Amino acid sequence: MDFKRSDFPEDFLFGAATAAYQIEGSAHGGAGPCHWDSFAQVPDNVIGAEDGSRACDHYLHWQSDLDLLRDAGMDAYRFSTSWARVLPEGRGKANPEGLDFYDRLVDGMLERGLKPFQTLYHWEMPSALADLGGWTNPDVHKWFADFVQVINRRIGDRVHATATINEPWCVAFLSHFLGHHAPGLRDIRATARAMHHVLKAHGAAMEVLRAEGQENCGIVLNFEATGPVDDAPENIAAATRQDAIFNRWFIEAITNGRYPDEAMEGFAPHMPPGWQDDMALIAQPIDWLGVNYYTRGLLRAAPDMAWPAMKPVEGPLPKTQMGWEIYPQGLRDTLVRLARDYVGDLPIYVTENGMAWDDHVENGAVHDPARISFVSDHVRAIGEATREGANMKGFFYWSLLDNYEWAFGYEKRFGMVHVDYVTMTRTPKASYREYARALRR
Ligand code: FCB
């Protein structure tokens, strides 16, 4: 990789990210069922009908997995704490084994000199709460706030940073409008409610964290570099709608207490009653912003379709195993735009960025030059954004390990470390070694 740690300020952190359901193995340790378990049981929802019951068996291998982070010289580890593992029924009685697991995990990070970056919700809606409508239920923010208090009282004294929610766009739009993620709905009313409730839950969680004296709290949003496929006015308008729904909805609510007009065009009739009264809760200050960035999105108008009447178009750039175009410039543009239009000097972390590739172990090694270039180019883009005014504080590669890639099952390999899902053998890829080398320089 053609960057060195010394290119960045001393307080800039390098790390890697994972999420509970994608690696732990939800069958271990008394975790309750979550909506991904049942979503995976419906034909065509998940490739191979796979779920996260075993995943990478990280619940059993967490110590050697943390060693991998330390041995690469990383500064920080972004992990998540599963709601369904901590509260198997979503509310009420906590699972002592679950709390003990996260307690040991955080101590394990500290023993290895890794700063714990916790995410409170990375998509395990407990089934008992999904039964009540999950993110569409007007009480979901209260349930979430109670969970936040339970887990925070156990490990909050040792975590370095806390994020409330991972990728609210995926939680709400991808899961309730496009139907690609659990709970797999395709309903605009459910979507409008989820789009709002997920932010209200963020606000309620921030309130709990502040009341508990927790410092360094933020949220992780995902962004894409959105643009029209050409200059036709209808395609420009389509891209503007996508930008409003995907990129602007969450950050504008958090920083300005309002929702973009181009998104409200579709959602206004379906918003939960009294939503305006929640905007102050949603817009309370955060201490840092997490940005997940993978690719760009090209749009064209689709006038025959229902609102938002647009379709993604396949672009011409080289693509990853996900079919996502590789577009590092979009990361720079996103970060510069966020600093300029929304967050000013607020610390920003790239909390996820990475690529999937069809990696194979050959003679004990995994040769992944495409990933090495990908990381180099995106880390360079972060450096450029810093020079253009974004207050960049860190980079987390997604992901430490190959893992359960949601609707794609185990087919897509994002890890810097290869996982053999039969033997659970971990094999560091060439990119892992290169990352470690860059961090030593
Ligand atoms: C993000 C998710 C993460 C992973 C990557 C590839 O949307 O936060 O869990 O699936 O994409």
# chains A, B, ... in the order shown; residues from 1 in each chain; ligands from 1
call {"tool": "residues_around", "arguments": {"residues": "region 170-172 of chain A", "least_positions_apart": "4", "cutoff": "6 Å", "atoms": "only C-alpha atoms", "output": "PyMOL selection string"}}
result
chain A and resi 176+191+194-195
call {"tool": "select_by_dssp", "arguments": {"residues": "region 41-282 of chain A", "states": "strand (DSSP E or B)", "output": "ChimeraX atom specification"}}
result
/A:76-80,115-121,126,161-166,217-228
call {"tool": "write_last_selection", "arguments": {"atoms": "N, CA and C atoms", "output": "JSON list (two decimals), in the first residue's frame"}}
result
[["chain", "number", "residue", "atom", "x", "y", "z"],
["A", 76, "ALA", "N", -7.37, 0.54, 16.61],
["A", 76, "ALA", "CA", -8.76, 0.52, 17.08],
["A", 76, "ALA", "C", -9.51, -0.60, 16.40],
["A", 77, "TYR", "N", -10.59, -1.02, 17.05],
["A", 77, "TYR", "CA", -11.44, -2.09, 16.50],
["A", 77, "TYR", "C", -12.89, -1.63, 16.59],
["A", 78, "ARG", "N", -13.55, -1.60, 15.46],
["A", 78, "ARG", "CA", -14.99, -1.28, 15.44],
["A", 78, "ARG", "C", -15.78, -2.59, 15.45],
["A", 79, "PHE", "N", -16.53, -2.79, 16.52],
["A", 79, "PHE", "CA", -17.32, -4.01, 16.70],
["A", 79, "PHE", "C", -18.73, -3.59, 17.06],
["A", 80, "SER", "N", -19.66, -4.53, 17.08],
["A", 80, "SER", "CA", -21.00, -4.17, 17.52],
["A", 80, "SER", "C", -21.49, -5.14, 18.58],
["A", 115, "LYS", "N", -8.28, 0.40, 20.77],
["A", 115, "LYS", "CA", -9.37, 1.25, 21.26],
["A", 115, "LYS", "C", -10.71, 0.66, 20.81],
["A", 116, "PRO", "N", -11.61, 0.38, 21.77],
["A", 116, "PRO", "CA", -12.91, -0.18, 21.39],
["A", 116, "PRO", "C", -13.86, 0.88, 20.83],
["A", 117, "PHE", "N", -14.29, 0.69, 19.58],
["A", 117, "PHE", "CA", -15.32, 1.53, 18.95],
["A", 117, "PHE", "C", -16.59, 0.68, 18.85],
["A", 118, "GLN", "N", -17.54, 0.97, 19.71],
["A", 118, "GLN", "CA", -18.74, 0.14, 19.80],
["A", 118, "GLN", "C", -19.85, 0.69, 18.91],
["A", 119, "THR", "N", -20.57, -0.21, 18.25],
["A", 119, "THR", "CA", -21.82, 0.17, 17.57],
["A", 119, "THR", "C", -22.96, -0.55, 18.28],
["A", 120, "LEU", "N", -24.00, 0.19, 18.64],
["A", 120, "LEU", "CA", -25.08, -0.37, 19.45],
["A", 120, "LEU", "C", -26.10, -1.14, 18.62],
["A", 121, "TYR", "N", -26.33, -0.72, 17.39],
["A", 121, "TYR", "CA", -27.30, -1.46, 16.56],
["A", 121, "TYR", "C", -26.71, -1.70, 15.17],
["A", 126, "PRO", "N", -34.44, -7.88, 17.74],
["A", 126, "PRO", "CA", -34.90, -9.13, 18.37],
["A", 126, "PRO", "C", -36.28, -9.53, 17.82],
["A", 161, "ALA", "N", -15.29, 4.87, 21.99],
["A", 161, "ALA", "CA", -16.30, 5.63, 21.23],
["A", 161, "ALA", "C", -17.53, 4.75, 21.08],
["A", 162, "THR", "N", -18.69, 5.41, 21.01],
["A", 162, "THR", "CA", -19.95, 4.67, 20.88],
["A", 162, "THR", "C", -20.75, 5.25, 19.73],
["A", 163, "ALA", "N", -21.19, 4.37, 18.84],
["A", 163, "ALA", "CA", -22.11, 4.79, 17.77],
["A", 163, "ALA", "C", -23.47, 4.20, 18.09],
["A", 164, "THR", "N", -24.51, 4.98, 17.87],
["A", 164, "THR", "CA", -25.86, 4.49, 18.16],
["A", 164, "THR", "C", -26.30, 3.44, 17.14],
["A", 165, "ILE", "N", -26.35, 3.86, 15.87],
["A", 165, "ILE", "CA", -26.96, 3.01, 14.83],
["A", 165, "ILE", "C", -26.01, 2.91, 13.65],
["A", 166, "ASN", "N", -25.94, 1.74, 13.06],
["A", 166, "ASN", "CA", -25.19, 1.57, 11.81],
["A", 166, "ASN", "C", -26.11, 1.71, 10.61],
["A", 217, "CYS", "N", -19.68, 10.09, 21.65],
["A", 217, "CYS", "CA", -20.81, 9.36, 21.05],
["A", 217, "CYS", "C", -21.17, 9.93, 19.68],
["A", 218, "GLY", "N", -21.51, 9.05, 18.75],
["A", 218, "GLY", "CA", -21.88, 9.50, 17.41],
["A", 218, "GLY", "C", -22.79, 8.50, 16.73],
["A", 219, "ILE", "N", -22.82, 8.59, 15.43],
["A", 219, "ILE", "CA", -23.66, 7.69, 14.62],
["A", 219, "ILE", "C", -22.89, 7.35, 13.34],
["A", 220, "VAL", "N", -23.21, 6.21, 12.76],
["A", 220, "VAL", "CA", -22.55, 5.79, 11.51],
["A", 220, "VAL", "C", -23.58, 5.83, 10.37],
["A", 221, "LEU", "N", -23.33, 6.69, 9.39],
["A", 221, "LEU", "CA", -24.23, 6.82, 8.24],
["A", 221, "LEU", "C", -23.51, 6.30, 6.99],
["A", 222, "ASN", "N", -24.30, 5.78, 6.05],
["A", 222, "ASN", "CA", -23.67, 5.40, 4.78],
["A", 222, "ASN", "C", -24.00, 6.40, 3.69],
["A", 223, "PHE", "N", -23.01, 6.60, 2.83],
["A", 223, "PHE", "CA", -23.14, 7.56, 1.73],
["A", 223, "PHE", "C", -22.67, 6.90, 0.45],
["A", 224, "GLU", "N", -23.26, 7.32, -0.67],
["A", 224, "GLU", "CA", -22.71, 6.94, -1.96],
["A", 224, "GLU", "C", -22.54, 8.24, -2.75],
["A", 225, "ALA", "N", -21.66, 8.19, -3.75],
["A", 225, "ALA", "CA", -21.49, 9.35, -4.62],
["A", 225, "ALA", "C", -22.58, 9.25, -5.69],
["A", 226, "THR", "N", -23.65, 10.01, -5.49],
["A", 226, "THR", "CA", -24.82, 9.89, -6.35],
["A", 226, "THR", "C", -24.74, 10.86, -7.52],
["A", 227, "GLY", "N", -25.10, 10.39, -8.70],
["A", 227, "GLY", "CA", -25.13, 11.31, -9.84],
["A", 227, "GLY", "C", -26.06, 10.79, -10.92],
["A", 228, "PRO", "N", -26.46, 11.68, -11.85],
["A", 228, "PRO", "CA", -27.31, 11.27, -12.97],
["A", 228, "PRO", "C", -26.48, 10.56, -14.03]]
call {"tool": "residues_around", "arguments": {"residues": "Trp324 (chain A)", "least_positions_apart": "2", "cutoff": "12 Å", "atoms": "only C-alpha atoms", "output": "number ranges by chain"}}
result
A: 224-225, 293-298, 312-322, 326-328, 354-357
call {"tool": "write_last_selection", "arguments": {"atoms": "N, CA, C and O atoms", "output": "mmCIF file, in the first residue's frame"}}
result
data_model
loop_
_atom_site.group_PDB
_atom_site.id
_atom_site.type_symbol
_atom_site.label_atom_id
_atom_site.label_comp_id
_atom_site.auth_asym_id
_atom_site.auth_seq_id
_atom_site.Cartn_x
_atom_site.Cartn_y
_atom_site.Cartn_z
ATOM 1 N N GLU A 224 -23.261 7.320 -0.666
ATOM 2 C CA GLU A 224 -22.708 6.941 -1.963
ATOM 3 C C GLU A 224 -22.544 8.237 -2.754
ATOM 4 O O GLU A 224 -23.209 9.240 -2.467
ATOM 5 N N ALA A 225 -21.660 8.192 -3.752
ATOM 6 C CA ALA A 225 -21.495 9.352 -4.619
ATOM 7 C C ALA A 225 -22.578 9.249 -5.687
ATOM 8 O O ALA A 225 -22.461 8.469 -6.623
ATOM 9 N N TYR A 293 -18.506 4.231 3.256
ATOM 10 C CA TYR A 293 -18.518 4.555 1.822
ATOM 11 C C TYR A 293 -17.960 3.377 1.027
ATOM 12 O O TYR A 293 -16.877 2.871 1.329
ATOM 13 N N TYR A 294 -18.679 2.976 0.013
ATOM 14 C CA TYR A 294 -18.237 1.872 -0.838
ATOM 15 C C TYR A 294 -18.150 2.208 -2.315
ATOM 16 O O TYR A 294 -17.263 1.736 -3.009
ATOM 17 N N THR A 295 -19.110 2.995 -2.833
ATOM 18 C CA THR A 295 -19.192 3.120 -4.290
ATOM 19 C C THR A 295 -19.985 4.364 -4.673
ATOM 20 O O THR A 295 -20.376 5.161 -3.821
ATOM 21 N N ARG A 296 -20.188 4.494 -5.989
ATOM 22 C CA ARG A 296 -21.070 5.575 -6.436
ATOM 23 C C ARG A 296 -22.365 4.982 -6.970
ATOM 24 O O ARG A 296 -22.477 3.770 -7.176
ATOM 25 N N GLY A 297 -23.351 5.835 -7.185
ATOM 26 C CA GLY A 297 -24.621 5.381 -7.754
ATOM 27 C C GLY A 297 -25.027 6.291 -8.897
ATOM 28 O O GLY A 297 -25.065 7.509 -8.728
ATOM 29 N N LEU A 298 -25.270 5.687 -10.058
ATOM 30 C CA LEU A 298 -25.748 6.453 -11.211
ATOM 31 C C LEU A 298 -27.235 6.178 -11.390
ATOM 32 O O LEU A 298 -27.665 5.024 -11.330
ATOM 33 N N PRO A 312 -31.373 2.592 -10.749
ATOM 34 C CA PRO A 312 -29.909 2.636 -10.850
ATOM 35 C C PRO A 312 -29.454 2.110 -12.215
ATOM 36 O O PRO A 312 -30.102 1.243 -12.791
ATOM 37 N N VAL A 313 -28.360 2.661 -12.702
ATOM 38 C CA VAL A 313 -27.820 2.262 -14.006
ATOM 39 C C VAL A 313 -26.419 1.719 -13.764
ATOM 40 O O VAL A 313 -25.671 2.275 -12.951
ATOM 41 N N GLU A 314 -26.056 0.657 -14.464
ATOM 42 C CA GLU A 314 -24.709 0.114 -14.292
ATOM 43 C C GLU A 314 -23.687 1.053 -14.914
ATOM 44 O O GLU A 314 -23.834 1.459 -16.067
ATOM 45 N N GLY A 315 -22.677 1.414 -14.147
ATOM 46 C CA GLY A 315 -21.653 2.332 -14.651
ATOM 47 C C GLY A 315 -20.510 1.588 -15.326
ATOM 48 O O GLY A 315 -20.436 0.354 -15.267
ATOM 49 N N PRO A 316 -19.585 2.327 -15.957
ATOM 50 C CA PRO A 316 -18.520 1.717 -16.763
ATOM 51 C C PRO A 316 -17.224 1.374 -16.005
ATOM 52 O O PRO A 316 -16.335 0.752 -16.570
ATOM 53 N N LEU A 317 -17.117 1.750 -14.743
ATOM 54 C CA LEU A 317 -15.825 1.593 -14.042
ATOM 55 C C LEU A 317 -15.600 0.145 -13.632
ATOM 56 O O LEU A 317 -16.548 -0.637 -13.530
ATOM 57 N N PRO A 318 -14.338 -0.221 -13.340
ATOM 58 C CA PRO A 318 -14.058 -1.563 -12.818
ATOM 59 C C PRO A 318 -14.866 -1.816 -11.545
ATOM 60 O O PRO A 318 -15.085 -0.883 -10.761
ATOM 61 N N LYS A 319 -15.288 -3.072 -11.358
ATOM 62 C CA LYS A 319 -16.207 -3.386 -10.251
ATOM 63 C C LYS A 319 -15.617 -4.437 -9.310
ATOM 64 O O LYS A 319 -14.786 -5.242 -9.702
ATOM 65 N N THR A 320 -16.147 -4.433 -8.093
ATOM 66 C CA THR A 320 -15.773 -5.442 -7.100
ATOM 67 C C THR A 320 -16.656 -6.673 -7.289
ATOM 68 O O THR A 320 -17.535 -6.695 -8.150
ATOM 69 N N GLN A 321 -16.451 -7.673 -6.433
ATOM 70 C CA GLN A 321 -17.269 -8.894 -6.482
ATOM 71 C C GLN A 321 -18.751 -8.592 -6.231
ATOM 72 O O GLN A 321 -19.624 -9.360 -6.614
ATOM 73 N N MET A 322 -19.057 -7.473 -5.592
ATOM 74 C CA MET A 322 -20.447 -7.065 -5.364
ATOM 75 C C MET A 322 -21.049 -6.438 -6.622
ATOM 76 O O MET A 322 -22.235 -6.115 -6.638
ATOM 77 N N ILE A 326 -15.638 0.844 -8.499
ATOM 78 C CA ILE A 326 -14.563 1.335 -7.620
ATOM 79 C C ILE A 326 -14.338 2.812 -7.926
ATOM 80 O O ILE A 326 -13.915 3.167 -9.032
ATOM 81 N N TYR A 327 -14.627 3.678 -6.944
ATOM 82 C CA TYR A 327 -14.655 5.112 -7.223
ATOM 83 C C TYR A 327 -14.159 5.908 -6.002
ATOM 84 O O TYR A 327 -14.932 6.540 -5.284
ATOM 85 N N PRO A 328 -12.847 5.876 -5.758
ATOM 86 C CA PRO A 328 -12.294 6.536 -4.566
ATOM 87 C C PRO A 328 -12.556 8.041 -4.524
ATOM 88 O O PRO A 328 -12.715 8.619 -3.439
ATOM 89 N N GLY A 354 -14.282 -0.828 1.982
ATOM 90 C CA GLY A 354 -13.583 -2.060 1.648
ATOM 91 C C GLY A 354 -14.196 -2.678 0.407
ATOM 92 O O GLY A 354 -15.097 -2.102 -0.198
ATOM 93 N N MET A 355 -13.700 -3.840 0.042
ATOM 94 C CA MET A 355 -14.225 -4.481 -1.162
ATOM 95 C C MET A 355 -14.250 -5.991 -1.038
ATOM 96 O O MET A 355 -13.431 -6.606 -0.370
ATOM 97 N N ALA A 356 -15.237 -6.580 -1.727
ATOM 98 C CA ALA A 356 -15.327 -8.038 -1.798
ATOM 99 C C ALA A 356 -14.643 -8.517 -3.067
ATOM 100 O O ALA A 356 -14.674 -7.841 -4.105
ATOM 101 N N TRP A 357 -14.029 -9.680 -2.953
ATOM 102 C CA TRP A 357 -13.354 -10.294 -4.099
ATOM 103 C C TRP A 357 -13.472 -11.806 -3.948
ATOM 104 O O TRP A 357 -13.636 -12.309 -2.829
#
call {"tool": "residues_around", "arguments": {"residues": "Met74 (chain A)", "least_positions_apart": "4", "cutoff": "12 Å", "atoms": "only C-alpha atoms", "output": "PyMOL selection string"}}
result
chain A and resi 5+12-17+66-70+78+109+112-116+394-397+400+432-433+435-440
call {"tool": "residues_around", "arguments": {"residues": "His58 (chain A)", "least_positions_apart": "5", "cutoff": "7 Å", "atoms": "only C-alpha atoms", "output": "PyMOL selection string"}}
result
chain A and resi 23-25
call {"tool": "select_by_dssp", "arguments": {"residues": "region 211-290 of chain A", "states": "alpha helix (DSSP H)", "output": "JSON, numbers by chain"}}
result
{"A": [211, 233, 234, 235, 236, 237, 238, 239, 240, 241, 242, 249, 250, 251, 252, 253, 254, 255, 256, 261, 262, 263, 264, 265, 266, 267, 279, 280, 281, 282]}
call {"tool": "write_last_selection", "arguments": {"atoms": "N, CA and C atoms", "output": "PDB file, in the first residue's frame"}}
result
ATOM      1  N   ALA A 211     -26.949  10.958  29.726  1.00  0.00           N
ATOM      2  CA  ALA A 211     -27.375  10.872  31.128  1.00  0.00           C
ATOM      3  C   ALA A 211     -26.446   9.947  31.919  1.00  0.00           C
ATOM      4  N   PRO A 233     -32.446  16.624 -17.944  1.00  0.00           N
ATOM      5  CA  PRO A 233     -33.030  17.196 -16.720  1.00  0.00           C
ATOM      6  C   PRO A 233     -33.797  16.169 -15.892  1.00  0.00           C
ATOM      7  N   GLU A 234     -34.484  15.225 -16.538  1.00  0.00           N
ATOM      8  CA  GLU A 234     -35.256  14.252 -15.747  1.00  0.00           C
ATOM      9  C   GLU A 234     -34.316  13.295 -14.994  1.00  0.00           C
ATOM     10  N   ASN A 235     -33.143  13.039 -15.577  1.00  0.00           N
ATOM     11  CA  ASN A 235     -32.193  12.167 -14.880  1.00  0.00           C
ATOM     12  C   ASN A 235     -31.503  12.914 -13.733  1.00  0.00           C
ATOM     13  N   ILE A 236     -31.269  14.182 -13.953  1.00  0.00           N
ATOM     14  CA  ILE A 236     -30.707  15.006 -12.869  1.00  0.00           C
ATOM     15  C   ILE A 236     -31.698  15.045 -11.707  1.00  0.00           C
ATOM     16  N   ALA A 237     -32.980  15.196 -12.024  1.00  0.00           N
ATOM     17  CA  ALA A 237     -34.000  15.234 -10.960  1.00  0.00           C
ATOM     18  C   ALA A 237     -34.072  13.888 -10.245  1.00  0.00           C
ATOM     19  N   ALA A 238     -33.925  12.797 -10.994  1.00  0.00           N
ATOM     20  CA  ALA A 238     -33.957  11.461 -10.372  1.00  0.00           C
ATOM     21  C   ALA A 238     -32.788  11.313  -9.392  1.00  0.00           C
ATOM     22  N   ALA A 239     -31.607  11.757  -9.809  1.00  0.00           N
ATOM     23  CA  ALA A 239     -30.434  11.666  -8.928  1.00  0.00           C
ATOM     24  C   ALA A 239     -30.620  12.549  -7.697  1.00  0.00           C
ATOM     25  N   THR A 240     -31.296  13.669  -7.870  1.00  0.00           N
ATOM     26  CA  THR A 240     -31.544  14.560  -6.729  1.00  0.00           C
ATOM     27  C   THR A 240     -32.461  13.876  -5.716  1.00  0.00           C
ATOM     28  N   ARG A 241     -33.436  13.135  -6.206  1.00  0.00           N
ATOM     29  CA  ARG A 241     -34.323  12.399  -5.285  1.00  0.00           C
ATOM     30  C   ARG A 241     -33.542  11.315  -4.534  1.00  0.00           C
ATOM     31  N   GLN A 242     -32.728  10.585  -5.268  1.00  0.00           N
ATOM     32  CA  GLN A 242     -31.911   9.545  -4.620  1.00  0.00           C
ATOM     33  C   GLN A 242     -30.975  10.165  -3.578  1.00  0.00           C
ATOM     34  N   TRP A 249     -31.115  12.673   3.967  1.00  0.00           N
ATOM     35  CA  TRP A 249     -32.181  12.519   4.976  1.00  0.00           C
ATOM     36  C   TRP A 249     -31.636  12.508   6.400  1.00  0.00           C
ATOM     37  N   PHE A 250     -30.681  11.643   6.664  1.00  0.00           N
ATOM     38  CA  PHE A 250     -30.223  11.409   8.035  1.00  0.00           C
ATOM     39  C   PHE A 250     -29.319  12.541   8.523  1.00  0.00           C
ATOM     40  N   ILE A 251     -28.377  12.952   7.683  1.00  0.00           N
ATOM     41  CA  ILE A 251     -27.435  13.986   8.142  1.00  0.00           C
ATOM     42  C   ILE A 251     -28.142  15.335   8.292  1.00  0.00           C
ATOM     43  N   GLU A 252     -29.118  15.616   7.435  1.00  0.00           N
ATOM     44  CA  GLU A 252     -29.827  16.906   7.579  1.00  0.00           C
ATOM     45  C   GLU A 252     -30.687  16.916   8.825  1.00  0.00           C
ATOM     46  N   ALA A 253     -31.303  15.788   9.134  1.00  0.00           N
ATOM     47  CA  ALA A 253     -32.105  15.723  10.353  1.00  0.00           C
ATOM     48  C   ALA A 253     -31.211  15.911  11.580  1.00  0.00           C
ATOM     49  N   ILE A 254     -30.036  15.268  11.563  1.00  0.00           N
ATOM     50  CA  ILE A 254     -29.159  15.325  12.734  1.00  0.00           C
ATOM     51  C   ILE A 254     -28.506  16.699  12.882  1.00  0.00           C
ATOM     52  N   THR A 255     -28.136  17.312  11.755  1.00  0.00           N
ATOM     53  CA  THR A 255     -27.423  18.595  11.880  1.00  0.00           C
ATOM     54  C   THR A 255     -28.361  19.799  11.799  1.00  0.00           C
ATOM     55  N   ASN A 256     -29.482  19.681  11.105  1.00  0.00           N
ATOM     56  CA  ASN A 256     -30.372  20.849  10.937  1.00  0.00           C
ATOM     57  C   ASN A 256     -31.783  20.638  11.449  1.00  0.00           C
ATOM     58  N   ASP A 261     -36.845  18.328   1.241  1.00  0.00           N
ATOM     59  CA  ASP A 261     -38.133  18.418   0.521  1.00  0.00           C
ATOM     60  C   ASP A 261     -38.275  17.311  -0.522  1.00  0.00           C
ATOM     61  N   GLU A 262     -37.176  17.013  -1.231  1.00  0.00           N
ATOM     62  CA  GLU A 262     -37.276  16.036  -2.336  1.00  0.00           C
ATOM     63  C   GLU A 262     -37.592  14.638  -1.820  1.00  0.00           C
ATOM     64  N   ALA A 263     -37.324  14.377  -0.538  1.00  0.00           N
ATOM     65  CA  ALA A 263     -37.686  13.080   0.035  1.00  0.00           C
ATOM     66  C   ALA A 263     -39.089  13.160   0.637  1.00  0.00           C
ATOM     67  N   MET A 264     -39.411  14.295   1.219  1.00  0.00           N
ATOM     68  CA  MET A 264     -40.744  14.448   1.826  1.00  0.00           C
ATOM     69  C   MET A 264     -41.849  14.415   0.766  1.00  0.00           C
ATOM     70  N   GLU A 265     -41.479  14.751  -0.472  1.00  0.00           N
ATOM     71  CA  GLU A 265     -42.431  14.600  -1.601  1.00  0.00           C
ATOM     72  C   GLU A 265     -43.151  13.257  -1.550  1.00  0.00           C
ATOM     73  N   GLY A 266     -42.392  12.210  -1.246  1.00  0.00           N
ATOM     74  CA  GLY A 266     -42.967  10.870  -1.218  1.00  0.00           C
ATOM     75  C   GLY A 266     -43.413  10.455   0.176  1.00  0.00           C
ATOM     76  N   PHE A 267     -42.645  10.858   1.186  1.00  0.00           N
ATOM     77  CA  PHE A 267     -42.893  10.319   2.533  1.00  0.00           C
ATOM     78  C   PHE A 267     -43.934  11.093   3.346  1.00  0.00           C
ATOM     79  N   MET A 279     -37.975  16.434  16.262  1.00  0.00           N
ATOM     80  CA  MET A 279     -36.780  16.866  15.535  1.00  0.00           C
ATOM     81  C   MET A 279     -35.694  17.435  16.465  1.00  0.00           C
ATOM     82  N   ALA A 280     -36.098  18.006  17.580  1.00  0.00           N
ATOM     83  CA  ALA A 280     -35.083  18.539  18.500  1.00  0.00           C
ATOM     84  C   ALA A 280     -34.291  17.391  19.140  1.00  0.00           C
ATOM     85  N   LEU A 281     -34.996  16.313  19.483  1.00  0.00           N
ATOM     86  CA  LEU A 281     -34.327  15.133  20.048  1.00  0.00           C
ATOM     87  C   LEU A 281     -33.321  14.573  19.033  1.00  0.00           C
ATOM     88  N   ILE A 282     -33.763  14.512  17.779  1.00  0.00           N
ATOM     89  CA  ILE A 282     -32.918  13.951  16.713  1.00  0.00           C
ATOM     90  C   ILE A 282     -31.703  14.836  16.454  1.00  0.00           C
TER      91      ILE A 282
END
call {"tool": "closest_atom_pairs", "arguments": {"of": "region 264-358 of chain A", "to": "region 376-389 of chain A", "cutoff": "10 Å", "atoms": "only C-alpha atoms", "output": "Markdown table"}}
result
| residue | atom | partner | partner_atom | distance |
| --- | --- | --- | --- | --- |
| A:Tyr293 | CA | A:His378 | CA | 9.6 |
| A:Tyr294 | CA | A:His378 | CA | 9.5 |
| A:Ile326 | CA | A:His378 | CA | 9.6 |
| A:Tyr327 | CA | A:His378 | CA | 8.5 |
| A:Pro328 | CA | A:His378 | CA | 5.1 |
| A:Gln329 | CA | A:Ala381 | CA | 6.4 |
| A:Gly330 | CA | A:Ala381 | CA | 8.4 |
| A:Leu331 | CA | A:Ala381 | CA | 6.3 |
| A:Arg332 | CA | A:Ala381 | CA | 4.9 |
| A:Asp333 | CA | A:Ala385 | CA | 7.4 |
| A:Thr334 | CA | A:Ala385 | CA | 8.7 |
| A:Leu335 | CA | A:Ala385 | CA | 6.1 |
| A:Val336 | CA | A:Ala385 | CA | 5.6 |
| A:Arg337 | CA | A:Ala385 | CA | 9.3 |
| A:Leu338 | CA | A:Gly389 | CA | 9.9 |
| A:Ala339 | CA | A:Gly389 | CA | 6.8 |
| A:Arg340 | CA | A:Gly389 | CA | 7.7 |
| A:Gly344 | CA | A:Gly389 | CA | 8.3 |
| A:Asp345 | CA | A:Gly389 | CA | 8.0 |
| A:Tyr349 | CA | A:Ile382 | CA | 9.7 |
| A:Val350 | CA | A:Ile382 | CA | 8.4 |
| A:Asn353 | CA | A:His378 | CA | 7.9 |
| A:Gly354 | CA | A:His378 | CA | 8.8 |
call {"tool": "closest_residue", "arguments": {"among": "A:Asp402, A:Glu167, A:Asp187, A:Asp11", "to": "ligand 1", "atoms": "only C-alpha atoms and all ligand atoms"}}
result
A:Glu167
call {"tool": "closest_residue", "arguments": {"among": "A:Ser175, A:Ser53, A:Gln41, A:Asn152", "to": "ligand 1", "atoms": "only C-alpha atoms and all ligand atoms"}}
result
A:Ser175
call {"tool": "residues_around", "arguments": {"residues": "region 140-149 of chain A", "least_positions_apart": "2", "cutoff": "9 Å", "atoms": "only C-alpha atoms", "output": "PyMOL selection string"}}
result
chain A and resi 83+86-87+90-92+120-121+129+133-138+151-154+164+197-209+212
call {"tool": "atom_distance", "arguments": {"atom1": "atom 11 (O, counted along the ligand's line) of ligand 1", "atom2": "CA of Phe177 (chain A)"}}
result
17.6 Å
